$ cat coords04.txt   # compact mmCIF, C-alpha atoms and all ligand atoms
# COMPACT_ATOMS: atom_id res chain seq x y z
CA MET A 1 61.31 54.36 147.49
CA ALA A 2 60.37 57.99 146.99
CA LYS A 3 59.94 58.37 150.75
CA THR A 4 63.46 57.10 151.39
CA ARG A 5 64.96 59.60 148.97
CA ALA A 6 63.06 62.49 150.53
CA ARG A 7 64.42 61.52 153.94
CA GLN A 8 67.96 61.33 152.56
CA VAL A 9 67.70 64.84 151.14
CA ARG A 10 66.47 66.15 154.48
CA VAL A 11 69.38 64.50 156.23
CA GLN A 12 71.80 66.06 153.76
CA ALA A 13 70.29 69.46 154.37
CA THR A 14 70.69 69.23 158.13
CA LYS A 15 74.28 68.01 157.69
CA HIS A 16 75.07 71.25 155.89
CA PRO A 17 73.28 73.97 157.80
CA GLU A 18 75.15 76.71 155.94
CA ARG A 19 73.49 75.57 152.71
CA HIS A 20 70.14 75.01 154.30
CA GLY A 21 69.45 78.68 154.83
CA ALA A 22 71.04 79.93 151.59
CA GLY A 23 68.96 81.85 149.07
CA ILE A 24 68.48 80.58 145.53
CA GLU A 25 71.08 83.05 144.18
CA ASP A 26 73.75 81.70 146.49
CA MET A 27 72.88 78.13 145.60
CA LEU A 28 73.19 78.85 141.89
CA LEU A 29 76.40 80.72 142.45
CA GLN A 30 77.91 77.79 144.34
CA ARG A 31 76.93 75.46 141.53
CA ASN A 32 78.44 77.71 138.88
CA LEU A 33 81.71 78.75 140.43
CA PRO A 34 83.42 75.45 139.54
CA ALA A 35 82.19 75.92 135.96
CA LEU A 36 83.72 79.40 135.91
CA THR A 37 87.11 78.14 136.87
CA ARG A 38 87.17 75.68 133.98
CA SER A 39 88.18 76.96 130.58
CA MET A 40 85.18 77.55 128.34
CA THR A 41 83.78 80.20 126.10
CA PHE A 42 81.86 83.04 127.65
CA SER A 43 78.76 82.30 125.59
CA ARG A 44 78.72 78.77 127.00
CA MET A 45 79.04 80.10 130.51
CA VAL A 46 76.12 82.44 129.93
CA LYS A 47 74.08 79.54 128.60
CA GLU A 48 74.82 77.48 131.70
CA ASN A 49 73.41 80.13 133.93
CA SER A 50 73.27 83.86 133.41
CA ARG A 51 72.67 84.43 137.14
CA PHE A 52 76.35 84.19 138.00
CA LEU A 53 76.91 87.47 136.14
CA ILE A 54 75.78 89.33 139.25
CA ALA A 55 78.82 87.96 141.05
CA ILE A 56 81.33 89.35 138.54
CA LYS A 57 82.45 92.76 139.68
CA ASP A 58 84.71 93.66 136.78
CA LEU A 59 83.12 93.36 133.35
CA ARG A 60 85.80 95.19 131.37
CA TRP A 61 87.12 91.99 129.86
CA LEU A 62 83.73 91.35 128.25
CA PHE A 63 84.01 94.42 126.04
CA PRO A 64 86.47 95.04 123.24
CA PRO A 65 89.12 97.61 124.08
CA VAL A 66 88.93 101.05 122.51
CA CYS A 67 91.16 101.45 119.48
CA GLN A 68 93.39 104.50 119.89
CA ARG A 69 93.82 105.91 116.39
CA LYS A 70 97.10 107.82 116.34
CA ASP A 71 98.75 110.37 114.10
CA GLN A 72 100.78 108.38 111.55
CA ALA A 73 103.76 110.68 112.18
CA VAL A 74 104.15 109.49 115.78
CA LEU A 75 103.82 105.74 115.17
CA THR A 76 106.67 103.57 116.35
CA GLU A 77 108.45 101.29 113.91
CA THR A 78 106.49 98.37 115.38
CA GLU A 79 103.15 100.13 114.97
CA ARG A 80 103.94 100.97 111.36
CA SER A 81 104.94 97.44 110.46
CA ARG A 82 101.89 96.05 112.31
CA TYR A 83 99.57 98.18 110.19
CA VAL A 84 101.27 97.10 106.96
CA CYS A 85 101.33 93.48 108.11
CA ALA A 86 97.63 93.44 109.04
CA PHE A 87 96.79 95.24 105.77
CA ASN A 88 98.65 92.56 103.81
CA MET A 89 96.90 89.80 105.75
CA ILE A 90 93.40 91.08 104.95
CA ASN A 91 94.52 91.58 101.36
CA ASN A 92 95.62 87.94 101.24
CA ASP A 93 92.40 86.62 102.78
CA GLY A 94 90.21 88.58 100.33
CA THR A 95 88.56 90.91 102.86
CA LEU A 96 90.27 94.01 101.49
CA GLY A 97 89.28 93.12 97.93
CA GLN A 98 85.65 92.83 99.02
CA LEU A 99 85.80 96.24 100.69
CA VAL A 100 87.33 97.76 97.54
CA ASP A 101 84.49 96.35 95.45
CA VAL A 102 81.86 97.64 97.90
CA HIS A 103 83.41 101.09 97.59
CA ALA A 104 83.23 100.80 93.80
CA GLU A 105 79.48 100.15 93.99
CA MET A 106 76.84 102.86 94.09
CA HIS A 107 75.85 103.52 97.68
CA MET A 108 75.59 107.31 97.40
CA GLN A 109 78.63 107.35 99.69
CA HIS A 110 80.18 110.49 98.24
CA THR A 111 77.26 112.88 98.64
CA ASN A 112 77.84 115.71 101.12
CA ALA A 113 75.48 114.28 103.75
CA ARG A 114 76.51 110.60 103.49
CA LEU A 115 80.27 110.91 102.95
CA LEU A 116 81.29 111.00 106.61
CA PRO A 117 78.83 108.54 108.23
CA TRP A 118 79.21 106.01 105.39
CA HIS A 119 83.00 106.07 105.54
CA ARG A 120 82.92 105.89 109.36
CA VAL A 121 81.25 102.48 109.02
CA PHE A 122 83.61 101.55 106.17
CA LEU A 123 86.68 102.31 108.33
CA PHE A 124 85.19 100.51 111.32
CA LEU A 125 84.71 97.32 109.27
CA PHE A 126 88.25 97.60 107.89
CA GLU A 127 89.64 98.05 111.42
CA GLU A 128 87.63 95.04 112.64
CA ALA A 129 89.15 92.99 109.81
CA LEU A 130 92.67 94.10 110.80
CA HIS A 131 91.92 92.92 114.35
CA ASN A 132 91.52 89.36 113.09
CA TYR A 133 95.29 89.37 112.67
CA HIS A 134 96.55 92.13 114.97
CA PRO A 135 94.10 92.86 117.81
CA ASP A 136 96.09 95.95 118.78
CA VAL A 137 96.39 97.58 115.36
CA CYS A 138 94.34 100.74 114.78
CA ILE A 139 93.98 102.88 111.68
CA PRO A 140 96.51 105.72 111.88
CA TYR A 141 95.42 109.12 110.60
CA TRP A 142 97.37 111.25 108.17
CA ASP A 143 97.03 114.79 109.49
CA TRP A 144 97.77 116.74 106.30
CA THR A 145 96.64 119.92 108.11
CA LYS A 146 100.03 119.91 109.88
CA PRO A 147 102.84 121.51 107.81
CA GLU A 148 105.21 118.70 108.84
CA GLU A 149 102.83 116.12 107.33
CA GLN A 150 102.21 117.90 104.03
CA HIS A 151 103.96 115.25 101.99
CA PHE A 152 103.24 111.58 101.31
CA PRO A 153 103.95 109.50 104.49
CA ASP A 154 107.48 108.17 103.92
CA TRP A 155 106.92 104.82 105.60
CA LEU A 156 104.11 103.98 103.13
CA ALA A 157 105.94 105.23 100.02
CA GLY A 158 107.32 101.77 99.23
CA VAL A 159 104.11 99.94 100.11
CA LEU A 160 102.44 99.32 96.74
CA PRO A 161 100.32 96.18 97.07
CA THR A 162 98.53 94.22 94.40
CA VAL A 163 94.93 93.77 95.53
CA HIS A 164 92.73 90.98 94.24
CA THR A 165 89.04 91.84 94.48
CA PRO A 166 86.28 89.34 93.64
CA THR A 167 86.16 90.93 90.18
CA ARG A 168 89.56 92.51 89.43
CA THR A 169 93.26 92.76 90.19
CA ILE A 170 94.54 96.22 91.17
CA ALA A 171 98.24 97.11 91.18
CA VAL A 172 98.48 100.18 93.41
CA ILE A 173 100.25 103.18 91.90
CA ARG A 174 100.50 106.83 92.95
CA SER A 175 102.08 110.12 91.92
CA PRO A 176 101.97 112.58 94.84
CA GLY A 177 102.00 116.27 93.96
CA PRO A 178 104.26 118.94 95.49
CA GLY A 179 104.02 119.75 99.20
CA GLY A 180 102.80 123.26 98.43
CA GLY A 181 99.77 121.84 96.64
CA LEU A 182 98.79 119.77 99.65
CA ALA A 183 99.31 122.78 101.95
CA SER A 184 97.00 124.82 99.75
CA ILE A 185 94.28 122.14 99.82
CA ALA A 186 94.60 121.73 103.59
CA SER A 187 94.37 125.48 104.18
CA ASN A 188 90.60 125.23 103.56
CA THR A 189 90.17 123.04 106.63
CA SER A 190 89.94 125.92 109.13
CA THR A 191 87.08 127.45 107.10
CA ALA A 192 85.27 124.09 107.17
CA MET A 193 85.78 123.81 110.94
CA SER A 194 84.30 127.27 111.46
CA LYS A 195 80.97 126.37 109.82
CA THR A 196 77.94 126.16 112.08
CA ASN A 197 75.80 124.05 109.75
CA TYR A 198 76.42 120.37 108.93
CA GLY A 199 75.81 120.85 105.22
CA ASP A 200 78.30 123.73 104.97
CA PHE A 201 80.91 121.82 106.98
CA SER A 202 80.47 118.57 105.09
CA GLY A 203 80.43 120.25 101.68
CA LEU A 204 83.82 121.86 102.28
CA ILE A 205 85.25 118.68 103.83
CA ASN A 206 84.04 116.72 100.80
CA GLY A 207 85.97 119.08 98.52
CA ILE A 208 89.16 118.79 100.58
CA HIS A 209 88.64 115.01 100.66
CA GLY A 210 88.53 114.78 96.87
CA SER A 211 91.46 117.14 96.37
CA VAL A 212 93.72 115.04 98.61
CA HIS A 213 92.66 111.91 96.70
CA ILE A 214 93.72 113.61 93.47
CA TRP A 215 96.90 115.04 95.03
CA VAL A 216 98.07 111.49 95.92
CA GLY A 217 97.14 110.46 92.39
CA GLY A 218 97.10 107.06 90.68
CA THR A 219 94.92 104.52 92.48
CA MET A 220 93.81 107.09 95.07
CA SER A 221 92.40 109.37 92.38
CA ASP A 222 89.91 106.74 91.20
CA ALA A 223 87.03 106.03 93.62
CA SER A 224 86.44 102.61 92.06
CA VAL A 225 89.86 101.39 93.30
CA SER A 226 91.10 103.92 95.92
CA PRO A 227 90.70 101.75 99.09
CA ALA A 228 93.34 99.40 97.63
CA ASP A 229 95.96 102.01 98.56
CA PRO A 230 96.89 101.63 102.26
CA VAL A 231 96.99 105.44 102.55
CA PHE A 232 93.26 105.65 101.69
CA TRP A 233 92.45 104.56 105.26
CA LEU A 234 94.83 107.09 106.82
CA HIS A 235 93.34 109.87 104.71
CA HIS A 236 89.77 108.93 105.63
CA ALA A 237 90.69 108.50 109.31
CA ASN A 238 91.85 112.12 109.26
CA LEU A 239 88.55 113.26 107.71
CA ASP A 240 86.68 111.21 110.30
CA ARG A 241 88.79 112.77 113.06
CA LEU A 242 88.06 116.29 111.76
CA TRP A 243 84.35 115.44 111.73
CA TRP A 244 84.51 114.19 115.35
CA THR A 245 86.40 117.36 116.37
CA TRP A 246 83.87 119.59 114.60
CA TYR A 247 80.91 117.63 116.00
CA ASN A 248 82.14 118.22 119.57
CA SER A 249 83.06 121.87 118.95
CA PRO A 250 80.74 124.81 119.73
CA GLN A 251 80.28 125.33 115.95
CA GLY A 252 79.34 121.69 115.35
CA ASN A 253 77.20 121.63 118.48
CA HIS A 254 76.45 117.91 118.09
CA GLN A 255 74.67 118.37 114.79
CA ASN A 256 74.00 115.17 112.89
CA PRO A 257 73.93 114.72 109.12
CA PRO A 258 70.51 115.61 107.69
CA LEU A 259 69.53 112.08 106.66
CA SER A 260 66.23 110.25 106.97
CA GLY A 261 64.52 107.18 105.59
CA SER A 262 66.65 105.09 103.25
CA ASP A 263 69.22 107.91 103.06
CA ALA A 264 70.05 107.16 106.70
CA LEU A 265 70.79 103.50 105.94
CA MET A 266 74.52 102.94 105.44
CA ASP A 267 74.00 100.28 102.78
CA PRO A 268 75.08 97.63 101.93
CA TRP A 269 75.32 97.25 105.71
CA THR A 270 72.53 97.46 108.26
CA TYR A 271 74.18 100.34 110.13
CA THR A 272 72.18 103.55 110.17
CA GLU A 273 73.32 107.15 110.56
CA PRO A 274 72.39 107.18 114.29
CA ASP A 275 74.70 104.14 114.78
CA THR A 276 77.63 106.31 113.68
CA ARG A 277 77.04 109.25 116.02
CA ASN A 278 79.16 108.13 118.96
CA ILE A 279 82.58 106.75 118.10
CA ALA A 280 82.77 105.06 121.52
CA THR A 281 80.08 102.61 120.40
CA LEU A 282 82.33 101.74 117.44
CA HIS A 283 85.22 101.13 119.86
CA PHE A 284 87.67 103.73 118.63
CA ASN A 285 89.00 107.10 119.62
CA TYR A 286 91.45 109.70 118.27
CA VAL A 287 94.57 110.52 120.23
CU CU B 1 85.08 106.94 99.42
$ encode --input "coords04.txt" --output "structure tokens"
Amino acid sequence: MAKTRARQVRVQATKHPERHGAGIEDMLLQRNLPALTRSMTFSRMVKENSRFLIAIKDLRWLFPPVCQRKDQAVLTETERSRYVCAFNMINNDGTLGQLVDVHAEMHMQHTNARLLPWHRVFLFLFEEALHNYHPDVCIPYWDWTKPEEQHFPDWLAGVLPTVHTPTRTIAVIRSPGPGGGLASIASNTSTAMSKTNYGDFSGLINGIHGSVHIWVGGTMSDASVSPADPVFWLHHANLDRLWWTWYNSPQGNHQNPPLSGSDALMDPWTYTEPDTRNIATLHFNYV
């Protein structure tokens, strides 16, 4: 019985000489190509046989696209409404409320050294949540260093959501100050950007950060509720952008925040300060 089968296999092999001489890679590839053409998840395809990966020349589709964070002043009507829509969706599903409560907890996230890396993770997680509803929405930045943006962004003025956190209900309110006040706060930015030491840079940025929070007023002026205001994310995206600009400037010279041990852990998450150093690994960019 076994002998017969062995003979049959040999016959098969001689009937298909092109297969007979093929290497193991080619054989596996031939077996897997039909599987590739059927609709299935990528993880299942990998499970079936990771060897076919060598045959795929273009891997771009495996990686998430880079989010282009834009100046809020240049957003199209569609981009504006997409941001507000996605924000409302993650408010409705409870994700935003959870983020607000995390921000209300004590994670030493407003110290000079932790402010920027901690909030970089915070914004990344928020942006990921937005992508559950709008894969092409990115956090816009509010560039209050530009004279033409030294007022509250008009398109968000009427957006005053009620945010339900696991513990509270927050009705967003605000009372923006005069444009001159914001211009005066923002005028300190160039001094911050000229610093050649991370601590000096971050200390000044932290001050500007807080002053803008207070300038917007209401919900934004209270760190225990501020992320409930949709403008919180635009404000912090601008701070994050300034940090990235400084980091890549001759003054910043790729200096990282002076954090070590548990100070370098961006709790309550498992991200560490080194994870925040390259924004490309967090799939966003500033344009
Ligand atoms: Cu904060």
$ residues_around --input "coords04.txt" --residues "Val212 in chain A" --least-positions-apart "5" --cutoff "9 Å" --atoms "only C-alpha atoms" --output "PDB file with C-alpha atoms, in the frame of the given file"
ATOM      1  CA  TRP A 144      97.770 116.740 106.300  1.00  0.00           C
ATOM      2  CA  LEU A 182      98.790 119.770  99.650  1.00  0.00           C
ATOM      3  CA  ILE A 185      94.280 122.140  99.820  1.00  0.00           C
ATOM      4  CA  ALA A 186      94.600 121.730 103.590  1.00  0.00           C
ATOM      5  CA  GLY A 207      85.970 119.080  98.520  1.00  0.00           C
ATOM      6  CA  GLY A 217      97.140 110.460  92.390  1.00  0.00           C
ATOM      7  CA  MET A 220      93.810 107.090  95.070  1.00  0.00           C
ATOM      8  CA  SER A 221      92.400 109.370  92.380  1.00  0.00           C
ATOM      9  CA  HIS A 235      93.340 109.870 104.710  1.00  0.00           C
TER      10      HIS A 235
END
$ residues_near_ligand --input "coords04.txt" --ligand "ligand CU 1 (chain B)" --cutoff "7 Å" --atoms "all atoms listed in the file" --output "PyMOL selection string"
chain A and resi 103+109-110+119+223
$ write_last_selection --input "coords04.txt" --atoms "C-alpha atoms" --output "compact mmCIF listing (two decimals), in the frame of the given file"
# COMPACT_ATOMS: atom_id res chain seq x y z
CA HIS A 103 83.41 101.09 97.59
CA GLN A 109 78.63 107.35 99.69
CA HIS A 110 80.18 110.49 98.24
CA HIS A 119 83.00 106.07 105.54
CA ALA A 223 87.03 106.03 93.62
$ residues_around --input "coords04.txt" --residues "His254 in chain A" --least-positions-apart "4" --cutoff "12 Å" --atoms "all atoms listed in the file" --output "PyMOL selection string"
chain A and resi 196-198+243-250+277-278
$ closest_residue --input "coords04.txt" --among "A:Ala73, A:Ala171, A:Leu115, A:Leu96" --to "Pro147 in chain A" --atoms "all atoms listed in the file"
A:Ala73
$ residues_near_point --input "coords04.txt" --point "(103.4, 114.0, 93.8)" --cutoff "7 Å" --atoms "only C-alpha atoms" --output "compact mmCIF listing (two decimals) with C-alpha atoms, in the coordinates of the input"
# COMPACT_ATOMS: atom_id res chain seq x y z
CA SER A 175 102.08 110.12 91.92
CA PRO A 176 101.97 112.58 94.84
CA GLY A 177 102.00 116.27 93.96
CA PRO A 178 104.26 118.94 95.49
CA TRP A 215 96.90 115.04 95.03
CA VAL A 216 98.07 111.49 95.92
$ atom_distance --input "coords04.txt" --atom1 "CA of His236 in chain A" --atom2 "CA of Gly261 in chain A"
25.3 Å
$ closest_residue --input "coords04.txt" --among "A:Phe87, A:Ser211, A:Trp118, A:Phe124" --to "Ala280 in chain A" --atoms "only C-alpha atoms"
A:Phe124
$ atom_distance --input "coords04.txt" --atom1 "CA of Thr191 in chain A" --atom2 "CA of Leu234 in chain A"
21.8 Å
$ closest_residue --input "coords04.txt" --among "A:Pro117, A:Gly179, A:Gly94, A:Pro230" --to "Leu160 in chain A" --atoms "only C-alpha atoms"
A:Pro230
$ atom_distance --input "coords04.txt" --atom1 "CA of Thr167 in chain A" --atom2 "CA of His107 in chain A"
17.9 Å
$ residues_around --input "coords04.txt" --residues "Leu125 in chain A" --least-positions-apart "2" --cutoff "12 Å" --atoms "only C-alpha atoms" --output "tab-separated table (two decimals) with C-alpha atoms, in the frame of the given file"
chain	number	residue	atom	x	y	z
A	90	ILE	CA	93.40	91.08	104.95
A	95	THR	CA	88.56	90.91	102.86
A	96	LEU	CA	90.27	94.01	101.49
A	98	GLN	CA	85.65	92.83	99.02
A	99	LEU	CA	85.80	96.24	100.69
A	102	VAL	CA	81.86	97.64	97.90
A	118	TRP	CA	79.21	106.01	105.39
A	119	HIS	CA	83.00	106.07	105.54
A	120	ARG	CA	82.92	105.89	109.36
A	121	VAL	CA	81.25	102.48	109.02
A	122	PHE	CA	83.61	101.55	106.17
A	123	LEU	CA	86.68	102.31	108.33
A	127	GLU	CA	89.64	98.05	111.42
A	128	GLU	CA	87.63	95.04	112.64
A	129	ALA	CA	89.15	92.99	109.81
A	130	LEU	CA	92.67	94.10	110.80
A	131	HIS	CA	91.92	92.92	114.35
A	132	ASN	CA	91.52	89.36	113.09
A	138	CYS	CA	94.34	100.74	114.78
A	139	ILE	CA	93.98	102.88	111.68
A	233	TRP	CA	92.45	104.56	105.26
A	269	TRP	CA	75.32	97.25	105.71
A	271	TYR	CA	74.18	100.34	110.13
A	282	LEU	CA	82.33	101.74	117.44
A	283	HIS	CA	85.22	101.13	119.86
A	284	PHE	CA	87.67	103.73	118.63
$ residues_around --input "coords04.txt" --residues "Val287 in chain A" --least-positions-apart "6" --cutoff "8 Å" --atoms "all atoms listed in the file" --output "list of chain:residue names"
A:Gln68, A:Arg69, A:Lys70, A:Asp71
$ closest_residue --input "coords04.txt" --among "A:Pro257, A:Pro65, A:Leu204, A:Glu77" --to "Pro135 in chain A" --atoms "all atoms listed in the file"
A:Pro65
$ closest_residue --input "coords04.txt" --among "A:Met89, A:Leu156, A:Leu75, A:Leu239" --to "Arg174 in chain A" --atoms "only C-alpha atoms"
A:Leu156
$ closest_residue --input "coords04.txt" --among "A:Thr281, A:Arg168, A:Leu259, A:Thr111" --to "His209 in chain A" --atoms "only C-alpha atoms"
A:Thr111
$ residues_around --input "coords04.txt" --residues "Ala183 in chain A" --least-positions-apart "6" --cutoff "10 Å" --atoms "only C-alpha atoms" --output "list of chain:residue names"
A:Trp144, A:Thr145, A:Lys146, A:Pro147, A:Glu148, A:Glu149, A:Gln150, A:His151
$ axis_aligned_box --input "coords04.txt" --around "range 258-261 of chain A" --padding-each-side "8 Å" --output "lines of an AutoDock Vina configuration file"
center_x = 67.5
center_y = 111.4
center_z = 106.6
size_x = 22.0
size_y = 24.4
size_z = 18.1
